[in-house]
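Text of the file start_16.pdb, holding PDB, C-alpha atoms:
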```pdb
ATOM      1  CA  MET A   1      81.265  23.161  41.218
ATOM      2  CA  LYS A   2      80.252  25.688  38.594
ATOM      3  CA  ILE A   3      78.245  28.859  39.259
ATOM      4  CA  SER A   4      76.426  30.633  36.428
ATOM      5  CA  LEU A   5      75.582  34.303  36.924
ATOM      6  CA  ILE A   6      72.840  35.739  34.699
ATOM      7  CA  ILE A   7      72.892  39.526  34.281
ATOM      8  CA  PRO A   8      70.162  41.086  32.073
ATOM      9  CA  CYS A   9      71.338  44.376  30.531
ATOM     10  CA  TYR A  10      69.398  47.197  28.945
ATOM     11  CA  ASN A  11      71.364  50.395  28.323
ATOM     12  CA  GLU A  12      73.836  49.597  31.116
ATOM     13  CA  GLU A  13      77.063  50.900  29.587
ATOM     14  CA  ALA A  14      77.776  53.011  32.686
ATOM     15  CA  ALA A  15      77.205  50.160  35.140
ATOM     16  CA  LEU A  16      78.984  47.291  33.352
ATOM     17  CA  PRO A  17      82.553  48.164  34.454
ATOM     18  CA  PHE A  18      81.387  48.280  38.085
ATOM     19  CA  ILE A  19      79.464  44.990  38.013
ATOM     20  CA  TYR A  20      82.359  43.228  36.277
ATOM     21  CA  GLU A  21      84.820  44.532  38.867
ATOM     22  CA  GLU A  22      82.605  43.325  41.716
ATOM     23  CA  LEU A  23      82.099  39.904  40.126
ATOM     24  CA  THR A  24      85.848  39.562  39.688
ATOM     25  CA  LYS A  25      86.425  40.367  43.371
ATOM     26  CA  VAL A  26      83.824  37.869  44.543
ATOM     27  CA  SER A  27      85.020  35.072  42.256
ATOM     28  CA  SER A  28      88.605  35.565  43.457
ATOM     29  CA  GLN A  29      87.354  35.016  47.018
ATOM     30  CA  MET A  30      85.672  31.772  45.924
ATOM     31  CA  ALA A  31      88.608  30.014  44.281
ATOM     32  CA  ASP A  32      87.056  26.577  44.784
ATOM     33  CA  TYR A  33      84.261  27.390  42.333
ATOM     34  CA  GLU A  34      84.234  27.816  38.567
ATOM     35  CA  PHE A  35      82.310  30.845  37.303
ATOM     36  CA  GLU A  36      80.609  31.877  34.086
ATOM     37  CA  TYR A  37      79.048  35.281  33.536
ATOM     38  CA  LEU A  38      76.060  35.370  31.205
ATOM     39  CA  PHE A  39      75.349  38.953  30.162
ATOM     40  CA  VAL A  40      72.104  39.192  28.182
ATOM     41  CA  ASN A  41      71.924  42.372  26.113
ATOM     42  CA  ASP A  42      68.215  43.123  25.803
ATOM     43  CA  GLY A  43      68.294  45.314  22.699
ATOM     44  CA  SER A  44      70.331  48.118  24.263
ATOM     45  CA  ARG A  45      70.779  51.322  22.268
ATOM     46  CA  ASP A  46      74.013  52.462  23.892
ATOM     47  CA  ARG A  47      77.479  50.860  24.031
ATOM     48  CA  THR A  48      76.392  47.928  26.191
ATOM     49  CA  LEU A  49      77.141  45.334  23.503
ATOM     50  CA  ALA A  50      80.490  46.905  22.612
ATOM     51  CA  ILE A  51      81.588  46.838  26.257
ATOM     52  CA  LEU A  52      80.480  43.226  26.618
ATOM     53  CA  LYS A  53      82.576  42.277  23.598
ATOM     54  CA  GLU A  54      85.588  44.014  25.153
ATOM     55  CA  LEU A  55      85.086  42.164  28.446
ATOM     56  CA  SER A  56      84.672  38.793  26.731
ATOM     57  CA  ALA A  57      87.898  39.380  24.783
ATOM     58  CA  LYS A  58      89.933  39.652  27.991
ATOM     59  CA  ASP A  59      88.004  37.225  30.193
ATOM     60  CA  GLU A  60      86.800  33.864  28.879
ATOM     61  CA  ARG A  61      84.269  33.638  31.702
ATOM     62  CA  VAL A  62      82.277  36.472  30.121
ATOM     63  CA  ASN A  63      79.581  35.243  27.747
ATOM     64  CA  TYR A  64      77.307  37.725  26.024
ATOM     65  CA  TYR A  65      73.976  37.101  24.325
ATOM     66  CA  SER A  66      72.577  40.017  22.334
ATOM     67  CA  PHE A  67      68.884  40.044  21.391
ATOM     68  CA  SER A  68      67.711  41.101  17.947
ATOM     69  CA  ARG A  69      65.480  43.678  19.701
ATOM     70  CA  ASN A  70      64.209  44.569  23.157
ATOM     71  CA  PHE A  71      62.236  41.564  24.412
ATOM     72  CA  GLY A  72      62.068  42.622  28.082
ATOM     73  CA  LYS A  73      63.763  41.542  31.286
ATOM     74  CA  GLU A  74      61.668  38.397  31.660
ATOM     75  CA  SER A  75      62.872  37.135  28.278
ATOM     76  CA  ALA A  76      66.450  38.083  29.151
ATOM     77  CA  MET A  77      66.270  36.062  32.356
ATOM     78  CA  PHE A  78      64.756  33.098  30.516
ATOM     79  CA  ALA A  79      67.505  33.233  27.886
ATOM     80  CA  GLY A  80      70.033  33.106  30.702
ATOM     81  CA  PHE A  81      68.349  30.073  32.259
ATOM     82  CA  CYS A  82      68.300  28.279  28.894
ATOM     83  CA  ASN A  83      72.035  28.871  28.360
ATOM     84  CA  ALA A  84      73.373  28.467  31.901
ATOM     85  CA  SER A  85      75.417  25.338  32.504
ATOM     86  CA  GLY A  86      76.306  25.747  36.173
ATOM     87  CA  ASP A  87      75.414  23.538  39.126
ATOM     88  CA  TYR A  88      74.229  26.727  40.806
ATOM     89  CA  VAL A  89      72.563  29.529  38.856
ATOM     90  CA  ALA A  90      72.031  33.097  40.033
ATOM     91  CA  VAL A  91      70.153  36.073  38.562
ATOM     92  CA  MET A  92      71.175  39.646  39.388
ATOM     93  CA  ASP A  93      70.800  43.162  38.031
ATOM     94  CA  ALA A  94      73.712  44.974  36.409
ATOM     95  CA  ASP A  95      73.260  48.141  38.491
ATOM     96  CA  LEU A  96      74.636  46.555  41.726
ATOM     97  CA  GLN A  97      71.308  46.906  43.538
ATOM     98  CA  ASP A  98      71.781  43.154  43.897
ATOM     99  CA  PRO A  99      75.119  43.039  45.771
ATOM    100  CA  PRO A 100      77.431  40.290  44.428
ATOM    101  CA  SER A 101      79.109  40.344  47.854
ATOM    102  CA  LEU A 102      76.184  38.256  49.124
ATOM    103  CA  LEU A 103      77.091  35.319  46.874
ATOM    104  CA  PRO A 104      79.537  33.586  49.284
ATOM    105  CA  GLN A 105      76.885  33.605  52.002
ATOM    106  CA  MET A 106      74.248  32.342  49.571
ATOM    107  CA  VAL A 107      76.481  29.498  48.385
ATOM    108  CA  GLU A 108      77.260  28.542  51.987
ATOM    109  CA  ILE A 109      73.544  28.250  52.757
ATOM    110  CA  LEU A 110      72.913  26.045  49.723
ATOM    111  CA  GLN A 111      75.885  23.828  50.539
ATOM    112  CA  LYS A 112      74.249  22.805  53.807
ATOM    113  CA  GLY A 113      71.608  20.970  51.754
ATOM    114  CA  GLU A 114      68.558  22.211  53.617
ATOM    115  CA  TYR A 115      67.412  24.614  50.879
ATOM    116  CA  ASP A 116      67.146  24.543  47.084
ATOM    117  CA  SER A 117      67.466  28.291  46.581
ATOM    118  CA  VAL A 118      68.526  31.410  48.425
ATOM    119  CA  ALA A 119      66.451  34.457  47.537
ATOM    120  CA  THR A 120      67.005  38.039  48.623
ATOM    121  CA  ARG A 121      64.460  40.479  49.971
ATOM    122  CA  ARG A 122      64.833  44.156  50.765
ATOM    123  CA  VAL A 123      64.001  45.081  54.358
ATOM    124  CA  SER A 124      64.166  48.793  53.570
ATOM    125  CA  ARG A 125      63.250  51.011  50.633
ATOM    126  CA  ASP A 126      65.574  53.928  51.299
ATOM    127  CA  GLY A 127      65.764  56.291  48.354
ATOM    128  CA  GLU A 128      62.538  55.014  46.789
ATOM    129  CA  PRO A 129      59.498  57.327  46.404
ATOM    130  CA  LYS A 130      56.928  56.701  49.144
ATOM    131  CA  ILE A 131      54.026  56.332  46.724
ATOM    132  CA  ARG A 132      55.962  53.657  44.837
ATOM    133  CA  SER A 133      56.778  51.815  48.068
ATOM    134  CA  PHE A 134      53.113  51.937  49.117
ATOM    135  CA  PHE A 135      51.881  50.402  45.869
ATOM    136  CA  ALA A 136      54.649  47.789  45.943
ATOM    137  CA  ARG A 137      53.666  46.601  49.428
ATOM    138  CA  THR A 138      49.994  46.619  48.436
ATOM    139  CA  PHE A 139      50.760  44.488  45.385
ATOM    140  CA  TYR A 140      52.550  41.831  47.431
ATOM    141  CA  LYS A 141      49.636  41.634  49.866
ATOM    142  CA  VAL A 142      47.060  41.343  47.094
ATOM    143  CA  ILE A 143      48.815  38.741  44.954
ATOM    144  CA  ASN A 144      49.566  36.493  47.937
ATOM    145  CA  LYS A 145      45.892  36.499  48.914
ATOM    146  CA  ILE A 146      44.443  35.795  45.471
ATOM    147  CA  SER A 147      47.000  33.408  43.937
ATOM    148  CA  ASP A 148      49.110  30.309  44.614
ATOM    149  CA  ALA A 149      52.327  32.260  44.070
ATOM    150  CA  ASP A 150      54.276  32.709  47.299
ATOM    151  CA  ILE A 151      55.944  36.117  46.941
ATOM    152  CA  VAL A 152      57.568  37.707  49.980
ATOM    153  CA  ASP A 153      57.262  41.472  50.436
ATOM    154  CA  GLY A 154      60.419  43.107  49.132
ATOM    155  CA  ALA A 155      61.425  40.056  47.091
ATOM    156  CA  ARG A 156      64.064  40.645  44.440
ATOM    157  CA  ASP A 157      64.845  38.591  41.326
ATOM    158  CA  PHE A 158      68.345  38.162  42.829
ATOM    159  CA  ARG A 159      68.567  34.538  43.948
ATOM    160  CA  LEU A 160      70.869  31.544  43.759
ATOM    161  CA  MET A 161      69.305  28.232  42.735
ATOM    162  CA  LYS A 162      70.275  24.625  42.389
ATOM    163  CA  ARG A 163      70.226  23.016  38.950
ATOM    164  CA  GLU A 164      66.990  21.118  39.659
ATOM    165  CA  MET A 165      65.087  24.335  40.306
ATOM    166  CA  VAL A 166      66.436  25.956  37.144
ATOM    167  CA  ASP A 167      65.340  22.957  35.083
ATOM    168  CA  ALA A 168      61.841  23.302  36.524
ATOM    169  CA  ILE A 169      61.766  27.005  35.560
ATOM    170  CA  ILE A 170      62.821  26.187  31.983
ATOM    171  CA  ALA A 171      60.105  23.532  31.798
ATOM    172  CA  MET A 172      57.512  26.262  32.441
ATOM    173  CA  ASN A 173      57.650  27.427  28.844
ATOM    174  CA  GLU A 174      54.753  29.896  29.057
ATOM    175  CA  TYR A 175      55.053  33.029  26.911
ATOM    176  CA  ASN A 176      53.598  35.450  29.470
ATOM    177  CA  ARG A 177      56.234  35.202  32.167
ATOM    178  CA  PHE A 178      56.253  36.637  35.666
ATOM    179  CA  SER A 179      59.369  35.207  37.278
ATOM    180  CA  LYS A 180      58.587  36.197  40.857
ATOM    181  CA  GLY A 181      55.371  34.203  40.571
ATOM    182  CA  ILE A 182      57.079  31.296  38.806
ATOM    183  CA  PHE A 183      59.733  31.055  41.525
ATOM    184  CA  GLY A 184      57.007  30.772  44.136
ATOM    185  CA  TRP A 185      54.656  28.524  42.153
ATOM    186  CA  ILE A 186      57.171  25.743  41.412
ATOM    187  CA  GLY A 187      57.851  25.354  45.111
ATOM    188  CA  PHE A 188      61.255  24.127  46.311
ATOM    189  CA  ARG A 189      62.688  25.106  49.665
ATOM    190  CA  THR A 190      63.737  28.751  49.688
ATOM    191  CA  TYR A 191      65.766  30.650  52.252
ATOM    192  CA  TRP A 192      65.010  34.376  52.315
ATOM    193  CA  LEU A 193      68.106  36.479  52.860
ATOM    194  CA  PRO A 194      67.298  40.033  54.036
ATOM    195  CA  TYR A 195      69.424  43.037  53.115
ATOM    196  CA  LYS A 196      69.076  46.801  53.086
ATOM    197  CA  ASN A 197      68.227  48.598  49.882
ATOM    198  CA  VAL A 198      71.199  49.616  47.718
ATOM    199  CA  GLU A 199      70.927  52.440  45.214
ATOM    200  CA  ARG A 200      72.072  52.112  41.617
ATOM    201  CA  VAL A 201      75.800  52.487  41.094
ATOM    202  CA  ALA A 202      75.305  54.221  37.720
ATOM    203  CA  GLY A 203      72.694  54.978  35.082
ATOM    204  CA  GLU A 204      68.952  55.385  35.544
ATOM    205  CA  THR A 205      66.183  52.969  36.387
ATOM    206  CA  LYS A 206      64.348  51.523  33.372
ATOM    207  CA  TRP A 207      61.131  51.082  35.355
ATOM    208  CA  SER A 208      58.595  53.895  35.371
ATOM    209  CA  PHE A 209      55.599  53.902  37.723
ATOM    210  CA  TRP A 210      53.258  52.916  34.905
ATOM    211  CA  GLY A 211      55.644  50.234  33.738
ATOM    212  CA  LEU A 212      55.667  48.712  37.210
ATOM    213  CA  LEU A 213      51.869  48.983  37.399
ATOM    214  CA  LYS A 214      51.513  47.094  34.113
ATOM    215  CA  TYR A 215      54.004  44.499  35.364
ATOM    216  CA  ALA A 216      51.949  44.060  38.540
ATOM    217  CA  ILE A 217      48.717  43.636  36.555
ATOM    218  CA  ASP A 218      50.416  41.044  34.343
ATOM    219  CA  GLY A 219      51.542  39.167  37.455
ATOM    220  CA  ILE A 220      48.015  39.087  38.893
ATOM    221  CA  ILE A 221      46.480  37.933  35.605
ATOM    222  CA  ASN A 222      49.161  35.264  35.062
ATOM    223  CA  PHE A 223      48.710  33.696  38.489
ATOM    224  CA  SER A 224      45.121  34.309  39.531
ATOM    225  CA  GLN A 225      41.570  33.866  38.222
ATOM    226  CA  VAL A 226      40.127  36.025  40.993
ATOM    227  CA  PRO A 227      39.551  39.068  38.727
ATOM    228  CA  LEU A 228      37.330  36.910  36.504
ATOM    229  CA  SER A 229      35.435  35.685  39.549
ATOM    230  CA  LEU A 230      34.960  39.247  40.790
ATOM    231  CA  ALA A 231      33.535  40.222  37.397
ATOM    232  CA  SER A 232      31.084  37.318  37.590
ATOM    233  CA  TYR A 233      30.026  38.066  41.170
ATOM    234  CA  GLY A 234      29.678  41.744  40.321
ATOM    235  CA  GLY A 235      27.384  40.848  37.427
ATOM    236  CA  VAL A 236      25.188  38.699  39.658
ATOM    237  CA  PHE A 237      25.009  41.426  42.307
ATOM    238  CA  LEU A 238      24.074  44.163  39.818
ATOM    239  CA  THR A 239      21.447  41.899  38.245
ATOM    240  CA  PHE A 240      19.851  41.447  41.656
ATOM    241  CA  ILE A 241      19.931  45.214  42.300
ATOM    242  CA  SER A 242      18.421  45.861  38.875
ATOM    243  CA  PHE A 243      15.589  43.427  39.608
ATOM    244  CA  LEU A 244      14.786  45.266  42.837
ATOM    245  CA  ALA A 245      14.927  48.583  40.966
ATOM    246  CA  ILE A 246      12.415  47.314  38.400
ATOM    247  CA  ILE A 247       9.992  46.313  41.168
ATOM    248  CA  PHE A 248      10.428  49.742  42.775
ATOM    249  CA  VAL A 249       9.700  51.582  39.497
ATOM    250  CA  VAL A 250       6.618  49.483  38.744
ATOM    251  CA  VAL A 251       5.176  49.944  42.240
ATOM    252  CA  ARG A 252       5.881  53.669  42.166
ATOM    253  CA  ARG A 253       4.170  54.038  38.787
ATOM    254  CA  LEU A 254       1.088  52.196  39.990
ATOM    255  CA  ILE A 255       0.791  54.201  43.198
ATOM    256  CA  PHE A 256       1.896  57.715  42.194
ATOM    257  CA  GLY A 257       1.482  57.630  38.419
ATOM    258  CA  ASP A 258       4.581  59.827  37.898
ATOM    259  CA  PRO A 259       6.779  58.365  35.133
ATOM    260  CA  VAL A 260       8.885  61.538  34.584
ATOM    261  CA  SER A 261      10.401  62.093  38.018
ATOM    262  CA  GLY A 262      13.859  60.594  38.606
ATOM    263  CA  TRP A 263      15.331  60.891  35.108
ATOM    264  CA  ALA A 264      18.641  62.265  36.501
ATOM    265  CA  SER A 265      19.153  59.315  38.834
ATOM    266  CA  LEU A 266      18.218  56.970  35.995
ATOM    267  CA  VAL A 267      20.944  58.443  33.777
ATOM    268  CA  CYS A 268      23.488  58.051  36.601
ATOM    269  CA  ILE A 269      22.511  54.418  37.117
ATOM    270  CA  ILE A 270      22.747  53.609  33.403
ATOM    271  CA  THR A 271      26.163  55.268  33.196
ATOM    272  CA  PHE A 272      27.381  53.395  36.279
ATOM    273  CA  ILE A 273      26.212  49.998  35.051
ATOM    274  CA  GLY A 274      27.657  50.697  31.603
ATOM    275  CA  GLY A 275      31.007  51.498  33.188
ATOM    276  CA  VAL A 276      30.943  48.290  35.231
ATOM    277  CA  GLN A 277      30.145  46.285  32.094
ATOM    278  CA  LEU A 278      33.045  47.804  30.199
ATOM    279  CA  PHE A 279      35.345  47.196  33.176
ATOM    280  CA  CYS A 280      34.339  43.512  33.306
ATOM    281  CA  MET A 281      34.783  43.200  29.551
ATOM    282  CA  GLY A 282      38.249  44.688  29.991
ATOM    283  CA  ILE A 283      39.132  42.014  32.553
ATOM    284  CA  ILE A 284      37.941  39.276  30.215
ATOM    285  CA  GLY A 285      39.849  40.922  27.375
ATOM    286  CA  GLN A 286      43.093  40.810  29.365
ATOM    287  CA  TYR A 287      42.748  37.062  29.885
ATOM    288  CA  LEU A 288      41.810  36.531  26.229
ATOM    289  CA  SER A 289      44.843  38.512  25.080
ATOM    290  CA  LYS A 290      47.136  36.386  27.248
ATOM    291  CA  THR A 291      45.555  33.231  25.846
ATOM    292  CA  TYR A 292      45.946  34.577  22.308
ATOM    293  CA  LEU A 293      49.662  35.221  22.839
ATOM    294  CA  GLU A 294      50.167  31.745  24.302
ATOM    295  CA  THR A 295      48.467  30.013  21.372
ATOM    296  CA  LYS A 296      50.723  31.753  18.823
ATOM    297  CA  ARG A 297      53.731  30.080  20.467
ATOM    298  CA  ARG A 298      56.199  32.750  19.400
ATOM    299  CA  PRO A 299      59.764  32.435  20.754
ATOM    300  CA  HIS A 300      60.568  34.175  24.023
ATOM    301  CA  PHE A 301      63.764  35.622  22.569
ATOM    302  CA  ILE A 302      65.928  35.738  19.439
ATOM    303  CA  ILE A 303      69.687  36.033  19.888
ATOM    304  CA  SER A 304      71.407  37.838  17.015
ATOM    305  CA  GLU A 305      74.977  37.912  18.396
ATOM    306  CA  THR A 306      76.874  35.814  20.912
ATOM    307  CA  ASN A 307      80.367  34.537  21.609
ATOM    308  CA  ARG A 308      79.057  31.066  22.429
ATOM    309  CA  LYS A 309      78.854  28.625  19.529
ATOM    310  CA  ASP A 310      76.576  26.262  21.472
ATOM    311  CA  ALA A 311      74.113  28.988  22.477
ATOM    312  CA  ASP A 312      70.374  28.394  22.481
ATOM    313  CA  LYS A 313      69.583  31.282  20.096
ATOM    314  CA  ILE A 314      65.804  30.895  19.708
ATOM    315  CA  HIS A 315      63.557  29.478  22.406
TER     316      HIS A 315
END
```

The structure in this file should be written as structure tokens.
Amino acid sequence: MKISLIIPCYNEEAALPFIYEELTKVSSQMADYEFEYLFVNDGSRDRTLAILKELSAKDERVNYYSFSRNFGKESAMFAGFCNASGDYVAVMDADLQDPPSLLPQMVEILQKGEYDSVATRRVSRDGEPKIRSFFARTFYKVINKISDADIVDGARDFRLMKREMVDAIIAMNEYNRFSKGIFGWIGFRTYWLPYKNVERVAGETKWSFWGLLKYAIDGIINFSQVPLSLASYGGVFLTFISFLAIIFVVVRRLIFGDPVSGWASLVCIITFIGGVQLFCMGIIGQYLSKTYLETKRRPHFIISETNRKDADKIH
């Protein structure tokens, strides 16, 4: 059987020698399986592409796909799925935070036939800032309550899947992609493999706090209509409150005849309601922007260089 390993890369020149060495060790332990390594260069600005060319020259299992620009990790993963030919397909990071040493155990679980994929989840967040861990756990709780996506706390993109599951992922050709949600939405039987957090072997993380926050918001918008419902319910509630306020003002004017008193509170109320309106318009705008991007049907990625003649270069 053939195993395809998809490794998205963005400025990973320092980590590539380590990940290649680990993959070589693991594949030598699994002599009964054929391997292909799909390195997707996501518009790196360092020597990532040059190193990938060197590796492919000495090892025919190394396939590189270099984007014309930085399209993002989601596009890099999708490009890997579109070009993978293995019976089993795995996604992992190049920084060794997704330990390749887990692959034999993951393959063994799939071989039993009870599951369609083996996904990893971190049971610890050692070395991660506490504020980041707090927001991460909060995100998983929120998205599981308001959407159909089944995302386990601590879930990583690192997973091994059968061909049928990969084909289902490719069939979901949406432009705004959130893979963790897609993995959960399509179903299939998944075994969650716990492991302790592993720090990067080299280089620096490409995810800032604000980048992760934006990614989380995209995930919620892509897999839930609850924010739109909250905006609607909020509008109904404020309309009811405003109606009561109008009755109060009219009664007070008739009884006390004092139209001037309360101007400060009136300004506060107007400002508050105006802020709520803008917030709701922002929610609607986010959904409209996603719809706009989907209707343009632009490709998810454009591959400018590759060592595979049969590569799917634009999808």

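Applied to the file shown here, the PyMOL selection byres ((chain A and resi 18) around 9) selects the residues Ala14, Ala15, Leu16, Pro17, Ile19, Tyr20, Glu21, Glu22, Leu23, Ala94, Asp95, Leu96, Val201 and Ala202 of chain A.
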
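CA of Pro100 in chain A lies 17.0 Å from CA of Tyr191 in chain A.
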
Spatial neighbours of range 64-81 of chain A, 10 Å, only C-alpha atoms, chain gap at least 4 places, as a ChimeraX atom specification: /A:4-10,37-45,48-49,52-53,55-56,85-86,89-93,157,163,166-167,169-170,173,175-180,299-308,311-315

Separation of CA of Gly234 in chain A from CA of Gly275 in chain A, in Å and rounded to one decimal: 12.2 Å

Hits from the PyMOL selection byres ((chain A and resi 182) around 10), listed as number ranges by chain: A: 148-151, 168-169, 172, 177-181, 183-187, 219, 222-223

How would the residues just chosen look if you wrote them out with C-alpha atoms as an mmCIF file, in the frame of the given file?
```cif
data_model
loop_
_atom_site.group_PDB
_atom_site.id
_atom_site.type_symbol
_atom_site.label_atom_id
_atom_site.label_comp_id
_atom_site.auth_asym_id
_atom_site.auth_seq_id
_atom_site.Cartn_x
_atom_site.Cartn_y
_atom_site.Cartn_z
ATOM 1 C CA ASP A 148 49.110 30.309 44.614
ATOM 2 C CA ALA A 149 52.327 32.260 44.070
ATOM 3 C CA ASP A 150 54.276 32.709 47.299
ATOM 4 C CA ILE A 151 55.944 36.117 46.941
ATOM 5 C CA ALA A 168 61.841 23.302 36.524
ATOM 6 C CA ILE A 169 61.766 27.005 35.560
ATOM 7 C CA MET A 172 57.512 26.262 32.441
ATOM 8 C CA ARG A 177 56.234 35.202 32.167
ATOM 9 C CA PHE A 178 56.253 36.637 35.666
ATOM 10 C CA SER A 179 59.369 35.207 37.278
ATOM 11 C CA LYS A 180 58.587 36.197 40.857
ATOM 12 C CA GLY A 181 55.371 34.203 40.571
ATOM 13 C CA PHE A 183 59.733 31.055 41.525
ATOM 14 C CA GLY A 184 57.007 30.772 44.136
ATOM 15 C CA TRP A 185 54.656 28.524 42.153
ATOM 16 C CA ILE A 186 57.171 25.743 41.412
ATOM 17 C CA GLY A 187 57.851 25.354 45.111
ATOM 18 C CA GLY A 219 51.542 39.167 37.455
ATOM 19 C CA ASN A 222 49.161 35.264 35.062
ATOM 20 C CA PHE A 223 48.710 33.696 38.489
#
```

Enclosing box along x, y and z for every listed atom of range 20-36 of chain A, padded 8 Å each side, centre and size in Å, one decimal, as AutoDock Vina command-line options:
```
--center_x 84.6 --center_y 35.6 --center_z 40.6 --size_x 24.0 --size_y 34.0 --size_z 28.9
```

From A:Ala57, A:Leu103, A:Gly154, A:Glu13, residue lying nearest Tyr33 in chain A [all atoms listed in the file]: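 Counting all atoms listed in the file, the residue closest to Tyr33 in chain A is A:Leu103.
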
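Nearest-residue note for Ser101 in chain A: choosing from A:Tyr195, A:Tyr233, A:Phe248, A:Tyr287, the minimum distance belongs to A:Tyr195, counting only C-alpha atoms.
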
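Distance-wise, CA of Val152 in chain A and CA of Val107 in chain A end up 20.7 Å apart.
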